[in-house]
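Participant: Here it is, the structure, as structure tokens.
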Amino acid sequence: MKYQAYPEYKGSGVEWFDSAPKHWEIKKISYFALLRSGDAITSEQINTQGEYPVYGGNGLRGYTSNYNHDGDYILIGRQGALCGNINYAHGEFWASEHAVVVHPSMPINFKWFGETLRSMDLNQYNLSAAQPGLAVANITCLKVPFPPLEEQTHIANFLDHETTKIDTLIEKQQQLIKLLKEKRQAVISHAVTKGLTNLPGTNLNSGSAAGPKGEGTDSPSNPNAPMRDSGIEWLGEVPEHWDVNRFKFLCDRIIAGPFGSSITKDMYVKRGYKVYGQEQVIPNDFSIGDYYIEEKHYLELSRYITSSGDILISCVGTFGKIAVFPEDAEPGIINPRLIKAEINENCDPFYVRELLKSEMVFKQFELLSRGGTMGVINIGILSDILAAVPPLNEQGEIVAYINEQKSKFRNLIEQVNNAVLLLKERRAALISAAVTGKIDIRDRQEYV
């Protein structure tokens, strides 16, 4: 609202902007620029390091040993879900066949035109939902508001200045989100290794546009709780009355899903007994999925039947995808991508789930896998995990505390995410207002 409008406007006759300052022209892109796709390059020719950057439809892809452009250029993504996105490239670089390179045929300010293209939301002109792609010939026929070159430069300088400020605010908000997630993990890890004693402070002051200031927690901290040395260097002290056991002693049974050959595609039916896998565990939603087997196969694979309170662990892919099988889920079995841990009566399965997701357990996986990536979890490694285990009633208190903390952190993170969305909306609105002439910055000396 601090910017003034131009004194006079004229109708545009163009769908994406309704009017333009009276002295501006309205031109087809083809009048002042050529749009050409880059050149093909194979994935084998692209490396993580190299002399010349390679740009594709979504920006930087890597580096190569040759270049096909030299100078300052606007790049438009040509294919994929993000087709129509705008990037800038400078100096010597390779533009792949998935990038459209803008070649001006008359003097223009390339930053002004790049931001004009960004405001046009070129993705709406893709030709296919299955494999979205832009038809370059169609884009060149589109009309844009075309100010004099001096004004193009003013607009570009203005947007550089103002969007940099907004981008800095966005980056701070994103750093805050990362900090909140780290604090949340620290609180959970502390609760399952030290209990509700000497809890790390969770008073948070974001100092952000989101506004969650001083939203803290009233922790049931007890700094005088007696502690003892666990005898494990990386675990340190634990509450005096806790046990330290290997994971296998918390379970009645640990079973990996059946071999792939035990469940074949021809066994699946429309209704019957459900086959559970990562599809349900990763989102922690056991209502989804439509893989079923008949009763006879269900009985043949009875050792893989999962019951209420079982811990289900994704054993292929990134570790940490863990769920407790709920009471109201359909009866069924696990598939080969899951491990089932039947927790004994001395443990709360929801406590065990938080324990397995803690930093303490991740450190052990790193040690036991000898620095491997742990893309696959096996029963042997899982069984040897050491766990700090409080009495059953205390486990329930810890779970309740963790759930409360998760809710508070979730609310804070949501507030910051909303602030980021608002900043991005303001950024887009400011760019659109500047390139369509809704605001007049000609007399603002800081942008000249």
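Identifiers in this document derive from the order of the structure tokens: chains are assigned A, B, ..., residues are numbered from 1 separately in each chain, and ligands are numbered from 1 in order of occurrence.
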Select from segment 234-279 of chain A every residue with an atom at most 10 Å from any atom of segment 379-395 of chain A, then for each give the shortest pair of atoms and their distance in Å to one decimal, using only C-alpha atoms, rows by chain and rising number, as CSV.
Facilitator:
residue,atom,partner,partner_atom,distance
A:Leu235,CA,A:Ala388,CA,8.7
A:Val238,CA,A:Ala388,CA,7.3
A:Pro239,CA,A:Pro390,CA,8.2
A:Glu240,CA,A:Pro390,CA,9.6
A:His241,CA,A:Pro390,CA,7.2
A:Trp242,CA,A:Pro390,CA,4.6
A:Asp243,CA,A:Val389,CA,5.1
A:Val244,CA,A:Ala388,CA,4.5
A:Asn245,CA,A:Ala387,CA,5.4
A:Arg246,CA,A:Leu386,CA,4.3
A:Phe247,CA,A:Ser383,CA,5.1
A:Lys248,CA,A:Ser383,CA,4.6
A:Phe249,CA,A:Ser383,CA,8.1
A:Leu250,CA,A:Val389,CA,8.9
A:Cys251,CA,A:Ser383,CA,9.2
A:Ile254,CA,A:Ile379,CA,7.1
A:Ile255,CA,A:Ile379,CA,7.5
A:Ala256,CA,A:Ile379,CA,7.1
Participant: Would you mind listing what lies within 10 Å of Leu117 of chain A as a PyMOL selection string, with only C-alpha atoms counted and same-chain residues fewer than 4 positions away left out?
Facilitator: chain A and resi 29+74+76+84-86+111-113+121-122+139+144+432+435
Participant: Interatomic distance between atom CA of Trp16 of chain A and atom CA of Lys143 of chain A?
Facilitator: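 Rounded to one decimal, the two atoms are 9.0 Å apart.
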Participant: Please provide the set of residues having any atom within 10 Å of segment 157-170 of chain A, restricted to only C-alpha atoms, with same-chain residues fewer than 6 positions apart removed, written as an mmCIF file with C-alpha atoms, in the first residue's frame.
Facilitator:
data_model
loop_
_atom_site.group_PDB
_atom_site.id
_atom_site.type_symbol
_atom_site.label_atom_id
_atom_site.label_comp_id
_atom_site.auth_asym_id
_atom_site.auth_seq_id
_atom_site.Cartn_x
_atom_site.Cartn_y
_atom_site.Cartn_z
ATOM 1 C CA LYS A 111 15.687 -9.663 -14.914
ATOM 2 C CA TRP A 112 12.562 -7.639 -15.726
ATOM 3 C CA GLU A 115 10.080 -11.870 -13.423
ATOM 4 C CA GLU A 151 11.574 1.523 -16.620
ATOM 5 C CA LEU A 176 13.335 -21.623 12.673
ATOM 6 C CA SER A 208 9.264 -14.315 13.565
ATOM 7 C CA ALA A 209 6.385 -13.135 11.486
ATOM 8 C CA VAL A 416 5.843 -20.621 11.046
ATOM 9 C CA ASN A 417 4.837 -22.512 7.890
ATOM 10 C CA ALA A 419 4.176 -17.219 7.884
ATOM 11 C CA VAL A 420 6.338 -18.636 5.065
ATOM 12 C CA LEU A 421 3.256 -19.072 2.857
ATOM 13 C CA LEU A 422 2.195 -15.479 3.510
ATOM 14 C CA LEU A 423 5.673 -14.192 2.665
ATOM 15 C CA LYS A 424 5.708 -16.203 -0.574
ATOM 16 C CA ARG A 426 3.475 -11.305 -0.790
ATOM 17 C CA ARG A 427 6.560 -11.909 -2.929
ATOM 18 C CA ALA A 428 4.457 -13.163 -5.861
ATOM 19 C CA LEU A 430 4.747 -7.712 -5.405
ATOM 20 C CA ILE A 431 6.363 -9.123 -8.552
ATOM 21 C CA ALA A 434 5.564 -4.350 -10.519
ATOM 22 C CA VAL A 435 5.706 -6.075 -13.924
ATOM 23 C CA ILE A 441 8.377 3.156 -8.727
ATOM 24 C CA ARG A 442 9.872 5.571 -11.263
ATOM 25 C CA ARG A 444 12.037 5.993 -6.082
ATOM 26 C CA GLU A 446 16.975 3.886 -4.460
ATOM 27 C CA TYR A 447 15.927 1.768 -7.457
ATOM 28 C CA VAL A 448 17.347 3.966 -10.229
#
Participant: DSSP on the backbone: what in segment 30-161 of chain A comes out strand (DSSP E or B), as an MDAnalysis selection string?
Facilitator: chainID A and resid 33:37 39 47 52:56 59:64 69:70 73:77 79 86:89 92:96 99:104 126 133:134 143:146
Participant: Write a file of the selected residues as a tab-separated table (two decimals), in the first residue's frame, keeping N, CA and C atoms.
Facilitator:
chain	number	residue	atom	x	y	z
A	33	ALA	N	11.92	-11.53	-28.40
A	33	ALA	CA	12.73	-12.63	-27.89
A	33	ALA	C	12.46	-13.92	-28.65
A	34	LEU	N	13.49	-14.76	-28.76
A	34	LEU	CA	13.38	-16.10	-29.31
A	34	LEU	C	13.52	-17.10	-28.16
A	35	LEU	N	12.71	-18.15	-28.21
A	35	LEU	CA	12.77	-19.19	-27.19
A	35	LEU	C	13.24	-20.48	-27.84
A	36	ARG	N	14.36	-21.01	-27.36
A	36	ARG	CA	14.95	-22.21	-27.97
A	36	ARG	C	15.28	-23.22	-26.88
A	37	SER	N	14.98	-24.47	-27.14
A	37	SER	CA	15.33	-25.54	-26.20
A	37	SER	C	16.84	-25.75	-26.20
A	39	ASP	N	20.30	-28.31	-25.46
A	39	ASP	CA	20.78	-29.48	-26.19
A	39	ASP	C	20.78	-30.72	-25.29
A	47	ASN	N	28.07	-34.74	-13.75
A	47	ASN	CA	28.75	-35.15	-12.52
A	47	ASN	C	28.40	-34.19	-11.37
A	52	TYR	N	31.63	-26.77	-15.76
A	52	TYR	CA	30.50	-25.99	-16.25
A	52	TYR	C	29.18	-26.55	-15.67
A	53	PRO	N	28.33	-25.68	-15.13
A	53	PRO	CA	27.04	-26.14	-14.59
A	53	PRO	C	26.11	-26.58	-15.71
A	54	VAL	N	25.25	-27.56	-15.39
A	54	VAL	CA	24.23	-28.05	-16.32
A	54	VAL	C	22.87	-27.68	-15.75
A	55	TYR	N	22.07	-26.98	-16.56
A	55	TYR	CA	20.72	-26.60	-16.13
A	55	TYR	C	19.68	-27.37	-16.92
A	56	GLY	N	18.72	-27.94	-16.18
A	56	GLY	CA	17.61	-28.63	-16.82
A	56	GLY	C	16.31	-27.89	-16.57
A	59	GLY	N	16.23	-26.39	-12.86
A	59	GLY	CA	17.39	-25.70	-12.33
A	59	GLY	C	18.66	-26.52	-12.47
A	60	LEU	N	19.59	-26.32	-11.54
A	60	LEU	CA	20.91	-26.96	-11.62
A	60	LEU	C	20.80	-28.47	-11.47
A	61	ARG	N	21.38	-29.22	-12.42
A	61	ARG	CA	21.38	-30.68	-12.37
A	61	ARG	C	22.74	-31.25	-11.98
A	62	GLY	N	23.80	-30.50	-12.20
A	62	GLY	CA	25.14	-30.99	-11.92
A	62	GLY	C	26.14	-30.23	-12.78
A	63	TYR	N	27.23	-30.91	-13.15
A	63	TYR	CA	28.30	-30.24	-13.89
A	63	TYR	C	28.82	-31.14	-15.00
A	64	THR	N	29.40	-30.50	-16.02
A	64	THR	CA	29.93	-31.25	-17.14
A	64	THR	C	31.20	-30.58	-17.65
A	69	HIS	N	26.30	-22.33	-23.81
A	69	HIS	CA	25.86	-20.94	-23.69
A	69	HIS	C	26.88	-20.16	-22.88
A	70	ASP	N	26.99	-18.88	-23.18
A	70	ASP	CA	27.89	-18.00	-22.44
A	70	ASP	C	27.23	-16.63	-22.34
A	73	TYR	N	21.25	-15.41	-19.09
A	73	TYR	CA	20.07	-15.93	-19.76
A	73	TYR	C	18.95	-16.26	-18.77
A	74	ILE	N	17.73	-16.21	-19.29
A	74	ILE	CA	16.56	-16.71	-18.57
A	74	ILE	C	16.31	-18.13	-19.05
A	75	LEU	N	16.02	-19.04	-18.12
A	75	LEU	CA	15.71	-20.41	-18.46
A	75	LEU	C	14.28	-20.74	-18.02
A	76	ILE	N	13.54	-21.39	-18.89
A	76	ILE	CA	12.18	-21.81	-18.58
A	76	ILE	C	12.13	-23.33	-18.57
A	77	GLY	N	11.61	-23.91	-17.50
A	77	GLY	CA	11.45	-25.36	-17.45
A	77	GLY	C	10.46	-25.81	-18.52
A	79	GLN	N	9.65	-29.35	-19.29
A	79	GLN	CA	8.94	-30.60	-19.06
A	79	GLN	C	8.85	-30.91	-17.58
A	86	ILE	N	10.94	-20.61	-13.59
A	86	ILE	CA	11.93	-19.67	-14.13
A	86	ILE	C	13.22	-19.74	-13.32
A	87	ASN	N	14.35	-19.83	-14.03
A	87	ASN	CA	15.67	-19.77	-13.40
A	87	ASN	C	16.54	-18.83	-14.22
A	88	TYR	N	17.66	-18.43	-13.60
A	88	TYR	CA	18.62	-17.57	-14.28
A	88	TYR	C	19.97	-18.30	-14.34
A	89	ALA	N	20.66	-18.13	-15.45
A	89	ALA	CA	22.00	-18.71	-15.61
A	89	ALA	C	22.96	-17.62	-16.09
A	92	GLU	N	29.39	-19.27	-18.47
A	92	GLU	CA	29.44	-20.44	-19.34
A	92	GLU	C	28.69	-21.59	-18.67
A	93	PHE	N	27.72	-22.18	-19.38
A	93	PHE	CA	26.92	-23.26	-18.81
A	93	PHE	C	26.32	-24.10	-19.92
A	94	TRP	N	25.82	-25.25	-19.55
A	94	TRP	CA	25.14	-26.13	-20.50
A	94	TRP	C	23.64	-26.11	-20.17
A	95	ALA	N	22.82	-25.77	-21.17
A	95	ALA	CA	21.37	-25.85	-21.04
A	95	ALA	C	20.91	-27.14	-21.70
A	96	SER	N	20.23	-28.01	-20.92
A	96	SER	CA	19.80	-29.30	-21.47
A	96	SER	C	18.53	-29.13	-22.30
A	99	ALA	N	15.33	-27.54	-20.79
A	99	ALA	CA	15.26	-26.11	-20.48
A	99	ALA	C	15.06	-25.31	-21.75
A	100	VAL	N	14.21	-24.31	-21.70
A	100	VAL	CA	14.03	-23.37	-22.81
A	100	VAL	C	14.85	-22.13	-22.49
A	101	VAL	N	15.72	-21.75	-23.40
A	101	VAL	CA	16.60	-20.60	-23.20
A	101	VAL	C	16.01	-19.40	-23.94
A	102	VAL	N	15.93	-18.26	-23.24
A	102	VAL	CA	15.38	-17.03	-23.81
A	102	VAL	C	16.51	-16.23	-24.45
A	103	HIS	N	16.39	-15.97	-25.75
A	103	HIS	CA	17.38	-15.19	-26.49
A	103	HIS	C	16.72	-13.87	-26.92
A	104	PRO	N	17.03	-12.75	-26.28
A	104	PRO	CA	16.43	-11.46	-26.68
A	104	PRO	C	16.86	-11.08	-28.10
A	126	ASN	N	0.80	-25.99	-19.98
A	126	ASN	CA	1.34	-27.29	-20.34
A	126	ASN	C	0.29	-28.08	-21.13
A	133	GLY	N	4.28	-30.61	-20.43
A	133	GLY	CA	5.33	-30.00	-21.23
A	133	GLY	C	4.81	-28.74	-21.91
A	134	LEU	N	5.71	-27.79	-22.11
A	134	LEU	CA	5.34	-26.52	-22.75
A	134	LEU	C	5.60	-26.59	-24.25
A	143	LYS	N	1.11	-12.40	-24.98
A	143	LYS	CA	1.40	-10.96	-24.88
A	143	LYS	C	1.78	-10.58	-23.45
A	144	VAL	N	2.68	-9.58	-23.36
A	144	VAL	CA	3.12	-9.10	-22.05
A	144	VAL	C	3.10	-7.57	-22.04
A	145	PRO	N	2.96	-6.96	-20.86
A	145	PRO	CA	3.11	-5.51	-20.76
A	145	PRO	C	4.57	-5.15	-20.97
A	146	PHE	N	4.86	-4.15	-21.81
A	146	PHE	CA	6.23	-3.88	-22.24
A	146	PHE	C	6.57	-2.41	-21.95
Participant: Please report, as a list in words, each residue of segment 339-380 of chain A to which DSSP assigns alpha helix (DSSP H) when run on this structure's backbone.
Facilitator: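 Taking segment 339-380 of chain A and keeping alpha helix (DSSP H) gives Pro349, Phe350, Tyr351, Val352, Arg353, Glu354, Leu355, Leu356, Glu359, Met360, Val361, Phe362, Lys363, Gln364, Phe365, Glu366, Leu367, Leu368, Ile379 and Gly380 of chain A.
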Participant: For the atom pair atom CA of Ala429 of chain A and atom CA of Gly71 of chain A, what is the interatomic distance in Å to one decimal place?
Facilitator: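 Between atom CA of Ala429 of chain A and atom CA of Gly71 of chain A the gap is 29.2 Å.
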Participant: Identify, on the basis of only C-alpha atoms, every residue whose closest approach to Gly195 of chain A does not exceed 7 Å; exclude the query and any residue fewer than 4 positions from it along the same chain; express the result as an MDAnalysis selection string.
Facilitator: chainID A and resid 190:191 398
Participant: Could you write those residues out with C-alpha atoms, as a compact mmCIF listing (two decimals), in the first residue's frame?
Facilitator:
# COMPACT_ATOMS: atom_id res chain seq x y z
CA HIS A 190 15.66 -36.95 26.54
CA ALA A 191 12.31 -38.30 27.74
CA ILE A 398 6.36 -40.37 29.30
